[in-house]
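Novice: entry-v1.pdb is reproduced in full below (PDB, C-alpha atoms and all ligand atoms).
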ATOM      1  CA  MET A   1      19.360 -36.508 -21.976
ATOM      2  CA  GLU A   2      18.299 -35.099 -25.346
ATOM      3  CA  ASP A   3      21.047 -33.487 -27.381
ATOM      4  CA  GLU A   4      20.745 -29.744 -27.715
ATOM      5  CA  VAL A   5      19.657 -28.788 -31.242
ATOM      6  CA  VAL A   6      21.553 -25.983 -32.989
ATOM      7  CA  LYS A   7      20.386 -24.650 -36.362
ATOM      8  CA  LEU A   8      22.940 -23.277 -38.794
ATOM      9  CA  LEU A   9      22.188 -21.470 -42.031
ATOM     10  CA  LEU A  10      24.691 -21.132 -44.870
ATOM     11  CA  VAL A  11      24.059 -18.299 -47.315
ATOM     12  CA  GLY A  12      26.139 -16.934 -50.176
ATOM     13  CA  ASP A  13      26.154 -16.687 -53.950
ATOM     14  CA  GLU A  14      25.073 -19.679 -55.980
ATOM     15  CA  LYS A  15      27.991 -22.003 -56.857
ATOM     16  CA  CYS A  16      30.291 -20.551 -54.204
ATOM     17  CA  GLY A  17      30.729 -24.075 -52.790
ATOM     18  CA  LYS A  18      28.275 -24.458 -49.888
ATOM     19  CA  THR A  19      27.021 -27.946 -50.767
ATOM     20  CA  THR A  20      30.515 -29.220 -51.504
ATOM     21  CA  PHE A  21      31.765 -27.908 -48.151
ATOM     22  CA  LEU A  22      29.037 -29.713 -46.207
ATOM     23  CA  SER A  23      29.552 -32.829 -48.323
ATOM     24  CA  ARG A  24      33.265 -32.840 -47.456
ATOM     25  CA  VAL A  25      32.507 -32.509 -43.754
ATOM     26  CA  ARG A  26      30.122 -35.455 -44.037
ATOM     27  CA  ALA A  27      32.537 -37.610 -46.103
ATOM     28  CA  GLY A  28      35.671 -36.970 -44.055
ATOM     29  CA  GLU A  29      39.118 -36.218 -45.406
ATOM     30  CA  ASP A  30      40.045 -39.363 -47.290
ATOM     31  CA  ILE A  31      37.094 -40.098 -49.566
ATOM     32  CA  ASN A  32      37.464 -38.883 -53.176
ATOM     33  CA  PRO A  33      35.618 -37.837 -55.160
ATOM     34  CA  ILE A  34      33.302 -36.419 -52.498
ATOM     35  CA  PRO A  35      29.814 -37.980 -52.512
ATOM     36  CA  LEU A  36      27.621 -34.879 -52.849
ATOM     37  CA  LEU A  37      24.758 -34.269 -50.465
ATOM     38  CA  ARG A  38      21.408 -33.702 -52.127
ATOM     39  CA  ASP A  39      19.510 -30.480 -51.506
ATOM     40  CA  ILE A  40      16.321 -32.402 -50.748
ATOM     41  CA  ASP A  41      18.005 -34.139 -47.811
ATOM     42  CA  GLN A  42      18.287 -30.926 -45.822
ATOM     43  CA  PRO A  43      18.789 -30.311 -43.043
ATOM     44  CA  TYR A  44      22.100 -32.123 -42.904
ATOM     45  CA  ILE A  45      22.516 -33.488 -39.395
ATOM     46  CA  PHE A  46      25.880 -33.672 -37.643
ATOM     47  CA  SER A  47      26.312 -34.961 -34.109
ATOM     48  CA  VAL A  48      29.109 -33.014 -32.487
ATOM     49  CA  ASN A  49      30.694 -33.171 -29.049
ATOM     50  CA  ILE A  50      31.983 -29.906 -27.650
ATOM     51  CA  SER A  51      33.615 -29.885 -24.245
ATOM     52  CA  SER A  52      32.023 -33.314 -23.579
ATOM     53  CA  LYS A  53      28.505 -32.043 -24.292
ATOM     54  CA  SER A  54      26.565 -33.512 -27.230
ATOM     55  CA  PHE A  55      24.873 -31.337 -29.812
ATOM     56  CA  ARG A  56      22.740 -32.050 -32.822
ATOM     57  CA  PHE A  57      23.739 -29.547 -35.502
ATOM     58  CA  GLU A  58      21.225 -29.023 -38.296
ATOM     59  CA  PHE A  59      22.729 -27.378 -41.378
ATOM     60  CA  TYR A  60      20.589 -25.644 -43.954
ATOM     61  CA  ASP A  61      21.693 -23.776 -47.050
ATOM     62  CA  THR A  62      20.002 -21.419 -49.446
ATOM     63  CA  SER A  63      19.222 -23.919 -52.196
ATOM     64  CA  SER A  64      15.545 -23.318 -51.468
ATOM     65  CA  PRO A  65      15.602 -19.538 -51.631
ATOM     66  CA  GLU A  66      11.890 -19.175 -50.971
ATOM     67  CA  ASN A  67      12.150 -21.106 -47.715
ATOM     68  CA  TRP A  68      15.284 -20.112 -45.872
ATOM     69  CA  ARG A  69      13.800 -16.889 -44.509
ATOM     70  CA  LEU A  70      11.282 -18.948 -42.543
ATOM     71  CA  LEU A  71      13.989 -20.656 -40.494
ATOM     72  CA  ASP A  72      14.964 -19.594 -37.002
ATOM     73  CA  PRO A  73      18.712 -20.185 -37.130
ATOM     74  CA  ASP A  74      21.154 -19.943 -34.208
ATOM     75  CA  VAL A  75      24.102 -18.916 -36.365
ATOM     76  CA  ILE A  76      24.548 -17.555 -39.893
ATOM     77  CA  VAL A  77      27.486 -18.546 -42.088
ATOM     78  CA  ILE A  78      27.964 -16.141 -44.994
ATOM     79  CA  CYS A  79      30.075 -17.812 -47.688
ATOM     80  CA  TYR A  80      32.045 -16.559 -50.664
ATOM     81  CA  ASP A  81      34.229 -18.126 -53.359
ATOM     82  CA  ILE A  82      37.889 -17.096 -52.981
ATOM     83  CA  SER A  83      38.276 -17.217 -56.789
ATOM     84  CA  GLN A  84      35.301 -14.898 -57.428
ATOM     85  CA  ARG A  85      35.679 -11.350 -56.233
ATOM     86  CA  LEU A  86      32.029 -10.637 -56.995
ATOM     87  CA  SER A  87      30.967 -13.234 -54.420
ATOM     88  CA  LEU A  88      33.092 -11.436 -51.818
ATOM     89  CA  ILE A  89      31.505  -8.095 -52.692
ATOM     90  CA  ASN A  90      28.023  -9.640 -52.635
ATOM     91  CA  MET A  91      28.397 -10.685 -49.011
ATOM     92  CA  LYS A  92      28.476  -7.052 -47.973
ATOM     93  CA  ARG A  93      26.299  -5.667 -50.742
ATOM     94  CA  TYR A  94      23.557  -8.300 -50.613
ATOM     95  CA  TRP A  95      23.751 -11.185 -48.150
ATOM     96  CA  ILE A  96      24.299  -9.377 -44.875
ATOM     97  CA  ASN A  97      21.324  -7.114 -45.620
ATOM     98  CA  GLU A  98      19.160 -10.070 -46.647
ATOM     99  CA  VAL A  99      19.778 -11.897 -43.396
ATOM    100  CA  LYS A 100      19.330  -8.733 -41.336
ATOM    101  CA  GLN A 101      15.929  -8.193 -42.918
ATOM    102  CA  SER A 102      14.920 -11.809 -42.500
ATOM    103  CA  PHE A 103      15.731 -12.433 -38.851
ATOM    104  CA  SER A 104      14.427 -10.115 -36.188
ATOM    105  CA  ARG A 105      16.927 -11.296 -33.595
ATOM    106  CA  MET A 106      19.806 -10.665 -35.990
ATOM    107  CA  ASP A 107      21.535  -8.358 -33.518
ATOM    108  CA  SER A 108      22.148 -11.287 -31.201
ATOM    109  CA  LEU A 109      22.872 -13.854 -33.931
ATOM    110  CA  PRO A 110      26.521 -14.783 -34.407
ATOM    111  CA  VAL A 111      27.808 -14.440 -37.975
ATOM    112  CA  VAL A 112      30.726 -16.385 -39.437
ATOM    113  CA  VAL A 113      32.269 -15.379 -42.771
ATOM    114  CA  MET A 114      33.667 -18.379 -44.656
ATOM    115  CA  GLY A 115      35.922 -18.302 -47.731
ATOM    116  CA  LEU A 116      35.512 -21.421 -49.907
ATOM    117  CA  LYS A 117      37.663 -22.916 -52.729
ATOM    118  CA  ARG A 118      40.890 -21.846 -51.089
ATOM    119  CA  ASP A 119      42.763 -24.067 -53.587
ATOM    120  CA  LEU A 120      41.750 -21.638 -56.361
ATOM    121  CA  ARG A 121      43.393 -18.564 -54.821
ATOM    122  CA  SER A 122      45.664 -17.359 -57.571
ATOM    123  CA  GLU A 123      48.218 -14.628 -58.073
ATOM    124  CA  ASN A 124      47.053 -14.522 -61.715
ATOM    125  CA  ASP A 125      43.451 -13.680 -60.922
ATOM    126  CA  PRO A 126      42.346 -11.019 -63.453
ATOM    127  CA  ASN A 127      40.148  -9.462 -60.768
ATOM    128  CA  GLY A 128      43.025  -9.279 -58.328
ATOM    129  CA  ILE A 129      43.902 -11.958 -55.795
ATOM    130  CA  ILE A 130      41.756 -11.969 -52.641
ATOM    131  CA  TYR A 131      44.193 -12.136 -49.738
ATOM    132  CA  PRO A 132      42.961 -13.512 -46.417
ATOM    133  CA  GLN A 133      43.516 -10.120 -44.827
ATOM    134  CA  ASP A 134      41.243  -8.431 -47.434
ATOM    135  CA  ALA A 135      38.440 -10.847 -46.635
ATOM    136  CA  TYR A 136      39.102 -10.595 -42.918
ATOM    137  CA  GLN A 137      38.768  -6.834 -43.154
ATOM    138  CA  MET A 138      35.472  -7.186 -44.991
ATOM    139  CA  ALA A 139      34.264  -9.611 -42.307
ATOM    140  CA  GLN A 140      35.073  -6.963 -39.705
ATOM    141  CA  GLU A 141      33.216  -4.290 -41.674
ATOM    142  CA  MET A 142      30.217  -6.649 -41.706
ATOM    143  CA  ARG A 143      30.619  -7.037 -37.933
ATOM    144  CA  ALA A 144      31.068 -10.782 -38.281
ATOM    145  CA  ASP A 145      32.227 -12.752 -35.248
ATOM    146  CA  ARG A 146      34.658 -15.063 -37.047
ATOM    147  CA  TYR A 147      36.491 -15.443 -40.333
ATOM    148  CA  VAL A 148      37.455 -18.892 -41.628
ATOM    149  CA  GLU A 149      38.509 -20.301 -44.983
ATOM    150  CA  CYS A 150      39.081 -23.738 -46.460
ATOM    151  CA  SER A 151      39.040 -25.917 -49.573
ATOM    152  CA  ALA A 152      36.442 -28.658 -49.722
ATOM    153  CA  VAL A 153      38.098 -30.256 -52.752
ATOM    154  CA  THR A 154      41.525 -30.715 -51.143
ATOM    155  CA  GLY A 155      40.094 -30.903 -47.630
ATOM    156  CA  GLU A 156      42.525 -28.235 -46.440
ATOM    157  CA  LEU A 157      41.300 -26.445 -43.280
ATOM    158  CA  VAL A 158      37.788 -27.932 -43.563
ATOM    159  CA  ARG A 159      37.967 -29.507 -40.140
ATOM    160  CA  PRO A 160      39.091 -26.372 -38.247
ATOM    161  CA  ALA A 161      36.572 -24.251 -40.189
ATOM    162  CA  PHE A 162      33.736 -26.597 -39.248
ATOM    163  CA  GLU A 163      34.849 -26.706 -35.623
ATOM    164  CA  ASP A 164      35.070 -22.920 -35.481
ATOM    165  CA  ILE A 165      31.524 -22.616 -36.827
ATOM    166  CA  CYS A 166      30.203 -25.124 -34.291
ATOM    167  CA  LYS A 167      31.963 -23.477 -31.368
ATOM    168  CA  THR A 168      30.762 -20.022 -32.414
ATOM    169  CA  ALA A 169      27.186 -21.347 -32.616
ATOM    170  CA  VAL A 170      27.352 -22.941 -29.191
ATOM    171  CA  LYS A 171      28.805 -19.879 -27.483
ATOM    172  CA  THR A 172      25.455 -18.186 -27.816
ATOM    173  CA  THR A 173      23.189 -21.116 -27.058
ATOM    174  CA  THR A 174      24.841 -21.801 -23.706
ATOM    175  CA  GLU A 175      25.709 -18.892 -21.513
ATOM    176  CA  LYS A 176      29.073 -20.155 -20.410
ATOM    177  CA  GLY A 177      29.779 -22.356 -23.430
ATOM    178  CA  GLY A 178      32.345 -19.977 -24.816
ATOM    179  CA  GLN A 179      34.472 -19.959 -21.708
ATOM    180  CA  SER A 180      35.988 -23.388 -22.036
ATOM    181  CA  GLU A 181      38.415 -24.252 -24.784
ATOM    182  CA  GLY A 182      37.449 -27.923 -24.804
ATOM    183  CA  GLY A 183      37.693 -30.204 -27.809
ATOM    184  CA  CYS A 184      35.181 -30.553 -30.610
ATOM    185  CA  THR A 185      34.606 -33.890 -32.320
ATOM    186  CA  ILE A 186      32.288 -34.804 -35.156
ATOM    187  CA  MET A 187      30.671 -38.139 -34.339
TER     188      MET A 187
HETATM  189  N1  LIG A 201      38.412 -26.124 -56.934
HETATM  190  C1  LIG A 201      37.370 -26.203 -56.090
HETATM  191  N2  LIG A 201      36.115 -26.286 -56.582
HETATM  192  C2  LIG A 201      35.084 -26.360 -55.716
HETATM  193  C3  LIG A 201      35.292 -26.359 -54.299
HETATM  194  N3  LIG A 201      34.092 -26.431 -53.703
HETATM  195  C4  LIG A 201      33.167 -26.501 -54.683
HETATM  196  N4  LIG A 201      33.754 -26.456 -55.915
HETATM  197  C5  LIG A 201      33.054 -26.491 -57.213
HETATM  198  O1  LIG A 201      32.228 -25.338 -57.335
HETATM  199  C6  LIG A 201      30.987 -25.658 -57.964
HETATM  200  C7  LIG A 201      29.818 -25.219 -57.112
HETATM  201  O2  LIG A 201      29.835 -25.909 -55.869
HETATM  202  P1  LIG A 201      28.518 -26.143 -54.985
HETATM  203  O3  LIG A 201      28.946 -26.809 -53.731
HETATM  204  O4  LIG A 201      27.461 -26.818 -55.780
HETATM  205  O5  LIG A 201      28.059 -24.630 -54.697
HETATM  206  P2  LIG A 201      26.710 -24.087 -53.990
HETATM  207  O6  LIG A 201      25.806 -23.639 -55.096
HETATM  208  O7  LIG A 201      27.167 -22.928 -53.151
HETATM  209  O8  LIG A 201      26.139 -25.207 -53.166
HETATM  210  C8  LIG A 201      31.024 -27.155 -58.225
HETATM  211  O9  LIG A 201      31.407 -27.363 -59.572
HETATM  212  C9  LIG A 201      32.094 -27.675 -57.278
HETATM  213  O10 LIG A 201      32.734 -28.824 -57.757
HETATM  214  C10 LIG A 201      36.644 -26.275 -53.809
HETATM  215  O11 LIG A 201      36.937 -26.263 -52.609
HETATM  216  N5  LIG A 201      37.641 -26.183 -54.755
HETATM  217 MG    MG A 202      24.195 -25.972 -53.168
END
Any chance you could give the structure as structure tokens?
Ligand SMILES: Nc1nc2c(ncn2[C@@H]2O[C@H](COP(=O)(O)OP(=O)(O)O)[C@@H](O)[C@H]2O)c(=O)[nH]1
Ligand SMILES: [Mg+2]

Specialist:
Amino acid sequence: MEDEVVKLLLVGDEKCGKTTFLSRVRAGEDINPIPLLRDIDQPYIFSVNISSKSFRFEFYDTSSPENWRLLDPDVIVICYDISQRLSLINMKRYWINEVKQSFSRMDSLPVVVMGLKRDLRSENDPNGIIYPQDAYQMAQEMRADRYVECSAVTGELVRPAFEDICKTAVKTTTEKGGQSEGGCTIM
């Protein structure tokens, strides 16, 4: 049987860490430095098993700004950089509106908010530290379905963040998919 195809779109300010996140997922936890994925190789394909069903996840990001609006994604991941307050603000001020305008079925599209560069969270941040609860609150104001955060450079929480994104995507593509709390493995 053909694997079900699920399209995922990452958006967020330039340099917030989207490519590095996907590169870390591809490389696994132990390879350093991370071999970076190239923008021209999109979509990045990941075969993932969820509750013993196989999926083909196709990840796109906004490195080709003129093209991403033409996609028909199944889930949107809005990213920000935990060390850049402006990128947090821009999710609500810019990105959520951009995706709403671009996708007619936005009302039924799941949205995940993802904080990147968790290793750079600092009490000394001149713009004020972004606590997880601040970002979580913003995610709720944006009516996002999930909030996750991780550090691609250290690898911390990358795996659970990726699994959360995949499970959130699949919940909507299969009617009952969200009911089972089965495992999720990247092949
Ligand atoms: N400290 C730290 N730096 C990161 C992390 N992820 C990405 N970066 C750096 O942030 C910069 C932008 O990352 P990139 O993935 O190209 O961002 P993109 O434009 O959103 O794809 C690069 O210099 C990365 O090395 C992270 O988790 N921690
Ligand atoms: Mg990039």

Novice: Of the candidates A:Asn124, A:Ser83, A:Thr185, A:Thr20, which one gets nearest to ligand MG 202 (chain A) if we count all atoms listed in the file?

Specialist: A:Thr20

Novice: Which residue, A:Pro132, A:Gly183, A:Gly17, A:Gly12, has the smallest gap to ligand LIG 201 (chain A) when you use all atoms listed in the file?

Specialist: A:Gly17

Novice: Using all atoms listed in the file, find all polymer residues with an atom at most 10 Å away from the point (17.3, -33.0, -24.8); report them as an NGL selection string.

Specialist: :A and (1-5 or 54-56)

Novice: As a check of understanding, name the residues that the PyMOL selection byres (((chain A and resi 87) around 12) and not hetatm) selects in the supplied structure, as a tab-separated table (two decimals) with C-alpha atoms, in the coordinates of the input.

Specialist:
chain	number	residue	atom	x	y	z
A	11	VAL	CA	24.06	-18.30	-47.32
A	12	GLY	CA	26.14	-16.93	-50.18
A	13	ASP	CA	26.15	-16.69	-53.95
A	14	GLU	CA	25.07	-19.68	-55.98
A	15	LYS	CA	27.99	-22.00	-56.86
A	16	CYS	CA	30.29	-20.55	-54.20
A	17	GLY	CA	30.73	-24.08	-52.79
A	78	ILE	CA	27.96	-16.14	-44.99
A	79	CYS	CA	30.08	-17.81	-47.69
A	80	TYR	CA	32.04	-16.56	-50.66
A	81	ASP	CA	34.23	-18.13	-53.36
A	82	ILE	CA	37.89	-17.10	-52.98
A	83	SER	CA	38.28	-17.22	-56.79
A	84	GLN	CA	35.30	-14.90	-57.43
A	85	ARG	CA	35.68	-11.35	-56.23
A	86	LEU	CA	32.03	-10.64	-57.00
A	88	LEU	CA	33.09	-11.44	-51.82
A	89	ILE	CA	31.50	-8.10	-52.69
A	90	ASN	CA	28.02	-9.64	-52.64
A	91	MET	CA	28.40	-10.68	-49.01
A	92	LYS	CA	28.48	-7.05	-47.97
A	93	ARG	CA	26.30	-5.67	-50.74
A	94	TYR	CA	23.56	-8.30	-50.61
A	95	TRP	CA	23.75	-11.18	-48.15
A	113	VAL	CA	32.27	-15.38	-42.77
A	114	MET	CA	33.67	-18.38	-44.66
A	115	GLY	CA	35.92	-18.30	-47.73
A	116	LEU	CA	35.51	-21.42	-49.91
A	117	LYS	CA	37.66	-22.92	-52.73
A	127	ASN	CA	40.15	-9.46	-60.77
A	130	ILE	CA	41.76	-11.97	-52.64
A	135	ALA	CA	38.44	-10.85	-46.64

Novice: Nearest to ligand LIG 201 (chain A) among A:Arg26, A:Arg143, A:Arg38, A:Lys18, with distances taken over all atoms listed in the file: which residue is it?

Specialist: A:Lys18

Novice: Distance atom CA of A:Leu37-atom CA of A:Phe21, one decimal place?

Specialist: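 Value for the atom CA of A:Leu37-atom CA of A:Phe21 distance: 9.7 Å.
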
Novice: Do you know which residues lie at most 9 Å from (16.6, -18.2, -43.2), with coordinates as in the file and all atoms listed in the file counted, and could you write them as a PyMOL selection string?

Specialist: chain A and resi 9-11+60-62+65+67-73+76+99+102-103

Novice: Name the residues in contact with A:Arg118 at a cut-off of 6 Å, using all atoms listed in the file, excluding same-chain residues fewer than 3 positions from it; report them as a list of chain:residue names.

Specialist: A:Ile82, A:Arg121, A:Cys150, A:Ser151

Novice: Nearest residue to ligand LIG 201 (chain A) out of A:Ile129, A:Ile165, A:Val25, A:Val170, using only C-alpha atoms and all ligand atoms?

Specialist: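 Answer, going by the shortest atom-to-atom distance: A:Val25.
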
Novice: Adding 8 Å on each side of the box along x, y and z that holds all listed atoms of ligand LIG 201 (chain A), could you give its centre and edge lengths in Å to one decimal, as JSON?

Specialist:
{"center_x": 32.1, "center_y": -25.9, "center_z": -56.1, "size_x": 28.6, "size_y": 21.9, "size_z": 23.0}

Novice: How far is it from atom CA of A:Glu163 to atom CA of A:Arg105, in Å with one decimal?

Specialist: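 For atom CA of A:Glu163 relative to atom CA of A:Arg105, the distance reads 23.7 Å.
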
Novice: Report, in Å to a single decimal, how far apart atom CA of A:Thr154 and atom O11 of ligand LIG 201 (chain A) are.

Specialist: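 Result for atom O11 of ligand LIG 201 (chain A) versus atom CA of A:Thr154: 6.6 Å, one decimal.
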